[in-house]
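**Q** So I've got this file, upload_26.pdb, and it contains PDB, C-alpha atoms:
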```
ATOM      1  CA  MET A   1     -33.680   5.983 -81.660  1.00  0.00           C
ATOM      2  CA  ASN A   2     -30.718   5.666 -84.013  1.00  0.00           C
ATOM      3  CA  ALA A   3     -27.418   4.319 -82.787  1.00  0.00           C
ATOM      4  CA  THR A   4     -24.132   3.674 -84.561  1.00  0.00           C
ATOM      5  CA  PHE A   5     -21.243   1.383 -83.652  1.00  0.00           C
ATOM      6  CA  MET A   6     -17.818   1.275 -85.255  1.00  0.00           C
ATOM      7  CA  VAL A   7     -14.228   0.293 -84.567  1.00  0.00           C
ATOM      8  CA  ASN A   8     -11.469   2.817 -85.270  1.00  0.00           C
ATOM      9  CA  VAL A   9      -8.037   1.577 -86.317  1.00  0.00           C
ATOM     10  CA  MET A  10      -5.540   4.432 -86.606  1.00  0.00           C
ATOM     11  CA  GLN A  11      -1.845   5.067 -87.098  1.00  0.00           C
ATOM     12  CA  THR A  12      -0.102   8.351 -86.422  1.00  0.00           C
ATOM     13  CA  LYS A  13       2.835   8.474 -88.823  1.00  0.00           C
ATOM     14  CA  ASP A  14       1.257  10.964 -91.239  1.00  0.00           C
ATOM     15  CA  LEU A  15      -1.433  12.805 -89.275  1.00  0.00           C
ATOM     16  CA  PRO A  16      -3.584  15.073 -91.467  1.00  0.00           C
ATOM     17  CA  PRO A  17      -4.165  18.754 -90.648  1.00  0.00           C
ATOM     18  CA  VAL A  18      -7.322  18.338 -88.552  1.00  0.00           C
ATOM     19  CA  CYS A  19      -8.904  20.374 -85.793  1.00  0.00           C
ATOM     20  CA  PRO A  20     -11.200  19.066 -83.026  1.00  0.00           C
ATOM     21  CA  HIS A  21     -14.753  18.307 -84.105  1.00  0.00           C
ATOM     22  CA  MET A  22     -18.313  17.736 -82.933  1.00  0.00           C
ATOM     23  CA  ASP A  23     -20.075  14.472 -83.826  1.00  0.00           C
ATOM     24  CA  ASN A  24     -23.617  15.892 -83.650  1.00  0.00           C
ATOM     25  CA  THR A  25     -24.967  19.353 -82.853  1.00  0.00           C
ATOM     26  CA  SER A  26     -28.222  18.316 -81.139  1.00  0.00           C
ATOM     27  CA  GLY A  27     -26.807  18.673 -77.623  1.00  0.00           C
ATOM     28  CA  VAL A  28     -28.674  15.545 -76.477  1.00  0.00           C
ATOM     29  CA  ASN A  29     -26.783  12.769 -78.293  1.00  0.00           C
ATOM     30  CA  LEU A  30     -23.981  10.879 -76.581  1.00  0.00           C
ATOM     31  CA  ALA A  31     -20.746   9.393 -77.878  1.00  0.00           C
ATOM     32  CA  SER A  32     -18.645   6.720 -76.250  1.00  0.00           C
ATOM     33  CA  THR A  33     -15.088   5.559 -76.801  1.00  0.00           C
ATOM     34  CA  ILE A  34     -13.789   2.276 -75.400  1.00  0.00           C
ATOM     35  CA  TYR A  35     -10.021   1.814 -75.650  1.00  0.00           C
ATOM     36  CA  LEU A  36      -8.963  -1.639 -76.887  1.00  0.00           C
ATOM     37  CA  ASN A  37      -5.159  -1.420 -76.815  1.00  0.00           C
ATOM     38  CA  THR A  38      -3.360  -3.534 -74.233  1.00  0.00           C
ATOM     39  CA  ALA A  39      -1.758  -1.788 -71.261  1.00  0.00           C
ATOM     40  CA  ASN A  40       1.728  -1.683 -72.835  1.00  0.00           C
ATOM     41  CA  GLU A  41       0.273  -0.290 -76.121  1.00  0.00           C
ATOM     42  CA  CYS A  42      -1.819   2.504 -74.581  1.00  0.00           C
ATOM     43  CA  ASN A  43      -0.775   6.056 -75.386  1.00  0.00           C
ATOM     44  CA  GLY A  44      -2.585   9.377 -75.683  1.00  0.00           C
ATOM     45  CA  GLY A  45      -6.347   9.432 -75.127  1.00  0.00           C
ATOM     46  CA  THR A  46      -9.320  11.655 -75.928  1.00  0.00           C
ATOM     47  CA  SER A  47      -8.995  15.416 -75.540  1.00  0.00           C
ATOM     48  CA  PHE A  48     -11.647  18.113 -75.180  1.00  0.00           C
ATOM     49  CA  TYR A  49     -11.389  21.728 -76.340  1.00  0.00           C
ATOM     50  CA  SER A  50     -12.810  25.184 -76.416  1.00  0.00           C
ATOM     51  CA  PHE A  51     -12.494  27.405 -79.481  1.00  0.00           C
ATOM     52  CA  GLY A  52     -12.734  31.120 -78.843  1.00  0.00           C
ATOM     53  CA  GLY A  53     -14.095  30.318 -75.368  1.00  0.00           C
ATOM     54  CA  LYS A  54     -16.856  27.937 -76.528  1.00  0.00           C
ATOM     55  CA  THR A  55     -16.926  24.131 -76.385  1.00  0.00           C
ATOM     56  CA  TYR A  56     -18.977  23.978 -79.591  1.00  0.00           C
ATOM     57  CA  TYR A  57     -19.074  25.565 -83.051  1.00  0.00           C
ATOM     58  CA  ASP A  58     -21.755  28.152 -83.760  1.00  0.00           C
ATOM     59  CA  ASP A  59     -21.799  26.924 -87.361  1.00  0.00           C
ATOM     60  CA  PRO A  60     -20.223  23.461 -87.846  1.00  0.00           C
ATOM     61  CA  SER A  61     -20.383  23.783 -91.643  1.00  0.00           C
ATOM     62  CA  VAL A  62     -17.755  26.551 -91.689  1.00  0.00           C
ATOM     63  CA  THR A  63     -14.165  25.591 -92.496  1.00  0.00           C
ATOM     64  CA  HIS A  64     -12.320  25.920 -89.226  1.00  0.00           C
ATOM     65  CA  THR A  65      -9.033  27.687 -88.631  1.00  0.00           C
ATOM     66  CA  LEU A  66      -6.564  28.196 -85.797  1.00  0.00           C
ATOM     67  CA  ASP A  67      -8.130  31.529 -84.902  1.00  0.00           C
ATOM     68  CA  VAL A  68     -11.667  32.830 -84.429  1.00  0.00           C
ATOM     69  CA  GLY A  69     -11.002  35.503 -87.082  1.00  0.00           C
ATOM     70  CA  GLY A  70     -10.386  32.823 -89.730  1.00  0.00           C
ATOM     71  CA  LYS A  71      -6.979  34.124 -90.857  1.00  0.00           C
ATOM     72  CA  HIS A  72      -4.749  31.159 -89.938  1.00  0.00           C
ATOM     73  CA  PRO A  73      -5.468  27.810 -91.642  1.00  0.00           C
ATOM     74  CA  VAL A  74      -5.020  24.516 -89.821  1.00  0.00           C
ATOM     75  CA  THR A  75      -1.697  23.104 -91.039  1.00  0.00           C
ATOM     76  CA  GLU A  76      -1.205  20.229 -88.587  1.00  0.00           C
ATOM     77  CA  TYR A  77      -3.169  17.819 -86.405  1.00  0.00           C
ATOM     78  CA  ILE A  78      -4.277  19.822 -83.352  1.00  0.00           C
ATOM     79  CA  ASN A  79      -3.519  18.063 -80.062  1.00  0.00           C
ATOM     80  CA  ASP A  80      -2.715  20.735 -77.547  1.00  0.00           C
ATOM     81  CA  SER A  81      -3.640  24.374 -77.034  1.00  0.00           C
ATOM     82  CA  VAL A  82      -2.750  26.502 -80.055  1.00  0.00           C
ATOM     83  CA  MET A  83      -3.942  30.032 -80.813  1.00  0.00           C
ATOM     84  CA  ASP A  84      -7.732  30.125 -80.132  1.00  0.00           C
ATOM     85  CA  TRP A  85      -7.897  26.358 -79.485  1.00  0.00           C
ATOM     86  CA  LYS A  86      -7.590  25.551 -75.761  1.00  0.00           C
ATOM     87  CA  MET A  87      -7.355  21.976 -74.559  1.00  0.00           C
ATOM     88  CA  ILE A  88      -9.569  21.875 -71.472  1.00  0.00           C
ATOM     89  CA  GLY A  89      -9.005  18.233 -70.600  1.00  0.00           C
ATOM     90  CA  MET A  90      -7.655  14.888 -71.720  1.00  0.00           C
ATOM     91  CA  VAL A  91      -8.797  11.411 -70.682  1.00  0.00           C
ATOM     92  CA  PRO A  92      -5.786   9.073 -70.896  1.00  0.00           C
ATOM     93  CA  MET A  93      -6.070   5.826 -72.833  1.00  0.00           C
ATOM     94  CA  ILE A  94      -6.306   2.840 -70.476  1.00  0.00           C
ATOM     95  CA  PHE A  95      -7.298  -0.633 -71.677  1.00  0.00           C
ATOM     96  CA  ASN A  96     -11.084  -1.135 -71.564  1.00  0.00           C
ATOM     97  CA  ARG A  97     -11.744   2.399 -70.267  1.00  0.00           C
ATOM     98  CA  MET A  98     -14.983   3.900 -71.540  1.00  0.00           C
ATOM     99  CA  VAL A  99     -15.248   7.645 -72.107  1.00  0.00           C
ATOM    100  CA  LEU A 100     -18.823   8.956 -72.425  1.00  0.00           C
ATOM    101  CA  TYR A 101     -19.438  12.516 -73.630  1.00  0.00           C
ATOM    102  CA  ASN A 102     -21.963  14.764 -75.332  1.00  0.00           C
ATOM    103  CA  GLN A 103     -21.527  14.643 -79.123  1.00  0.00           C
ATOM    104  CA  ALA A 104     -21.814  18.452 -79.318  1.00  0.00           C
ATOM    105  CA  VAL A 105     -18.580  18.974 -77.355  1.00  0.00           C
ATOM    106  CA  LEU A 106     -15.393  19.718 -79.329  1.00  0.00           C
ATOM    107  CA  HIS A 107     -13.038  16.754 -79.046  1.00  0.00           C
ATOM    108  CA  SER A 108     -10.323  14.788 -80.798  1.00  0.00           C
ATOM    109  CA  ALA A 109      -8.190  11.684 -80.461  1.00  0.00           C
ATOM    110  CA  TYR A 110      -5.146  12.843 -78.478  1.00  0.00           C
ATOM    111  CA  VAL A 111      -2.282  11.367 -80.482  1.00  0.00           C
ATOM    112  CA  LYS A 112       1.200  12.417 -81.486  1.00  0.00           C
ATOM    113  CA  PRO A 113       3.073  11.401 -84.677  1.00  0.00           C
ATOM    114  CA  HIS A 114       5.318   8.861 -82.884  1.00  0.00           C
ATOM    115  CA  MET A 115       2.646   7.061 -80.807  1.00  0.00           C
ATOM    116  CA  PHE A 116       1.198   4.479 -83.210  1.00  0.00           C
ATOM    117  CA  ILE A 117       3.597   3.519 -85.996  1.00  0.00           C
ATOM    118  CA  GLY A 118       4.920   0.334 -87.592  1.00  0.00           C
ATOM    119  CA  ASP A 119       2.804  -2.584 -86.388  1.00  0.00           C
ATOM    120  CA  MET A 120       1.242  -0.515 -83.570  1.00  0.00           C
ATOM    121  CA  TYR A 121      -2.313   0.785 -84.094  1.00  0.00           C
ATOM    122  CA  ARG A 122      -4.684   2.866 -81.951  1.00  0.00           C
ATOM    123  CA  LEU A 123      -7.749   0.659 -81.471  1.00  0.00           C
ATOM    124  CA  ASN A 124     -11.048   1.824 -80.046  1.00  0.00           C
ATOM    125  CA  GLN A 125     -14.773   1.131 -80.255  1.00  0.00           C
ATOM    126  CA  GLN A 126     -17.054   4.102 -80.935  1.00  0.00           C
ATOM    127  CA  PHE A 127     -20.737   4.258 -80.064  1.00  0.00           C
ATOM    128  CA  PHE A 128     -23.045   7.103 -81.057  1.00  0.00           C
ATOM    129  CA  ILE A 129     -26.436   7.214 -79.353  1.00  0.00           C
TER     130      ILE A 129
END
```
Please express the file's structure as structure tokens.

**A**
Amino acid sequence: MNATFMVNVMQTKDLPPVCPHMDNTSGVNLASTIYLNTANECNGGTSFYSFGGKTYYDDPSVTHTLDVGGKHPVTEYINDSVMDWKMIGMVPMIFNRMVLYNQAVLHSAYVKPHMFIGDMYRLNQQFFI
């Protein structure tokens, strides 16, 4: 069995144009996020999505767009429901909370541009099993 551990340190001032992603397409691998920010620093969380009615990509190697037809490029960091992206849930960030989910489910860090700026960083541990 292969497992990976890492710590994410993120700021939100200049979020790139990114859409939700899958970590692994096997359908049997798990991912875990543990939030490390203190209670007064917590903001956002982890959000889960469907795209065109599915919670996974048929072909993860394809460049993804805002619509199933592929006509509208992603021009901002996707947080909420937009076009064919539907946010189906969000687990709020709470200190030491662990979120466990299947790696094949579309997900993203739920952050907004103003949440983690200056000397404030989003801190979380990631495990991939």

**Q** With only C-alpha atoms counted, which protein, DNA or RNA residues have an atom no more than 8 Å from (-6.2, 12.7, -82.3) in the file frame? Please answer as a list in words.

**A** Gly45, Thr46, Ser47, Tyr77, Ile78, Asn79, Ser108, Ala109, Tyr110, Val111 and Lys112 of chain A

**Q** Please expand the PyMOL selection byres ((chain A and resi 117) around 10) into the concrete residues it hits in this file, giving the result as a PyMOL selection string.

**A** chain A and resi 10-14+113-116+118-122

**Q** Compare A:Met98, A:Pro92, A:Ala3, A:Pro20 by their minimum atom-to-atom distance to A:Asn43, counting only C-alpha atoms, and give me the closest one.

**A**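 Ranking A:Met98, A:Pro92, A:Ala3, A:Pro20 by distance to A:Asn43, first place goes to A:Pro92.
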
**Q** So how far away is atom CA of A:Ala31 from atom CA of A:Leu66, in Å?

**A**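 A separation of 24.8 Å between them.
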
**Q** Mind pulling up the distance from atom CA of A:Pro60 to atom CA of A:Pro17?

**A**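 Interatomic distance here is 17.0 Å.
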
**Q** For A:Ser50, which residue among A:Asn24, A:Asp67, A:Phe127, A:Asn96 is the nearest when counting all atoms listed in the file?

**A**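 Answer, going by the shortest atom-to-atom distance: A:Asp67.
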
**Q** For the atom pair atom CA of A:Asn40 and atom CA of A:His107, what is the interatomic distance in Å to one decimal place?

**A**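 Between atom CA of A:Asn40 and atom CA of A:His107 the gap works out to 24.4 Å.
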
**Q** Using only C-alpha atoms, can you tell me which of A:Thr4, A:Ser81, A:Thr33, A:Thr25 comes closest to A:Asn124?

**A**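 Nearest to A:Asn124: A:Thr33.
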
**Q** Mind telling me what the PyMOL selection byres ((chain A and resi 89) around 8) catches here, as a PyMOL selection string?

**A** chain A and resi 47-49+87-88+90-91

**Q** For A:Gly53, work out the shell of residues within 9 Å, counting all atoms listed in the file and skipping chain neighbours fewer than 4 positions away, then give it as a PyMOL selection string.

**A** chain A and resi 84-86

**Q** Using the chain letters and residue numbers of this document, give as an MDAnalysis selection string the residues selected by the PyMOL selection byres ((chain A and resi 56) around 7).

**A** chainID A and resid 54:55 57:58 104:106

**Q** Name all residues at most 8 Å from A:Cys42 (count all atoms listed in the file; drop same-chain ones fewer than 6 positions away) and give them as a count of residues only.

**A** 4

**Q** Which protein, DNA or RNA residues have an atom at most 7 Å from (-18.8, 19.9, -87.2), counting all atoms listed in the file? List them as a PyMOL selection string.

**A** chain A and resi 21-23+60-61

**Q** Please provide as a list in words all residues within 10 Å of A:Ser26, with the sequence filter that same-chain residues fewer than 4 positions apart are discarded (counting only C-alpha atoms).

**A**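 Listed by chain and then number, they are Leu30, Asn102, Gln103 and Ala104 of chain A.
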
**Q** Leaving out A:Phe5 and any residue of its chain fewer than 2 positions from it, which residues lie within 9 Å of it when counting only C-alpha atoms, given as a PDB file with C-alpha atoms, keeping the file's coordinate frame?

**A**
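The result, written out as out20.pdb:
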```
ATOM      1  CA  ALA A   3     -27.418   4.319 -82.787  1.00  0.00           C
ATOM      2  CA  VAL A   7     -14.228   0.293 -84.567  1.00  0.00           C
ATOM      3  CA  GLN A 125     -14.773   1.131 -80.255  1.00  0.00           C
ATOM      4  CA  GLN A 126     -17.054   4.102 -80.935  1.00  0.00           C
ATOM      5  CA  PHE A 127     -20.737   4.258 -80.064  1.00  0.00           C
ATOM      6  CA  PHE A 128     -23.045   7.103 -81.057  1.00  0.00           C
ATOM      7  CA  ILE A 129     -26.436   7.214 -79.353  1.00  0.00           C
TER       8      ILE A 129
END
```

**Q** If I wrap all listed atoms of stretch 120-126 of chain A in a box with edges along x, y and z and add 6 Å on each side, what are its centre and edge lengths in Å to one decimal, as lines of an AutoDock Vina configuration file?

**A**
```
center_x = -7.9
center_y = 1.8
center_z = -82.1
size_x = 30.3
size_y = 16.6
size_z = 16.0
```

**Q** Between A:Phe51, A:Asp59, A:Leu15, A:Thr38, which one has atoms that come closest to A:Val82, using all atoms listed in the file?

**A**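 Of A:Phe51, A:Asp59, A:Leu15, A:Thr38, the one nearest A:Val82 is A:Phe51, counting all atoms listed in the file.
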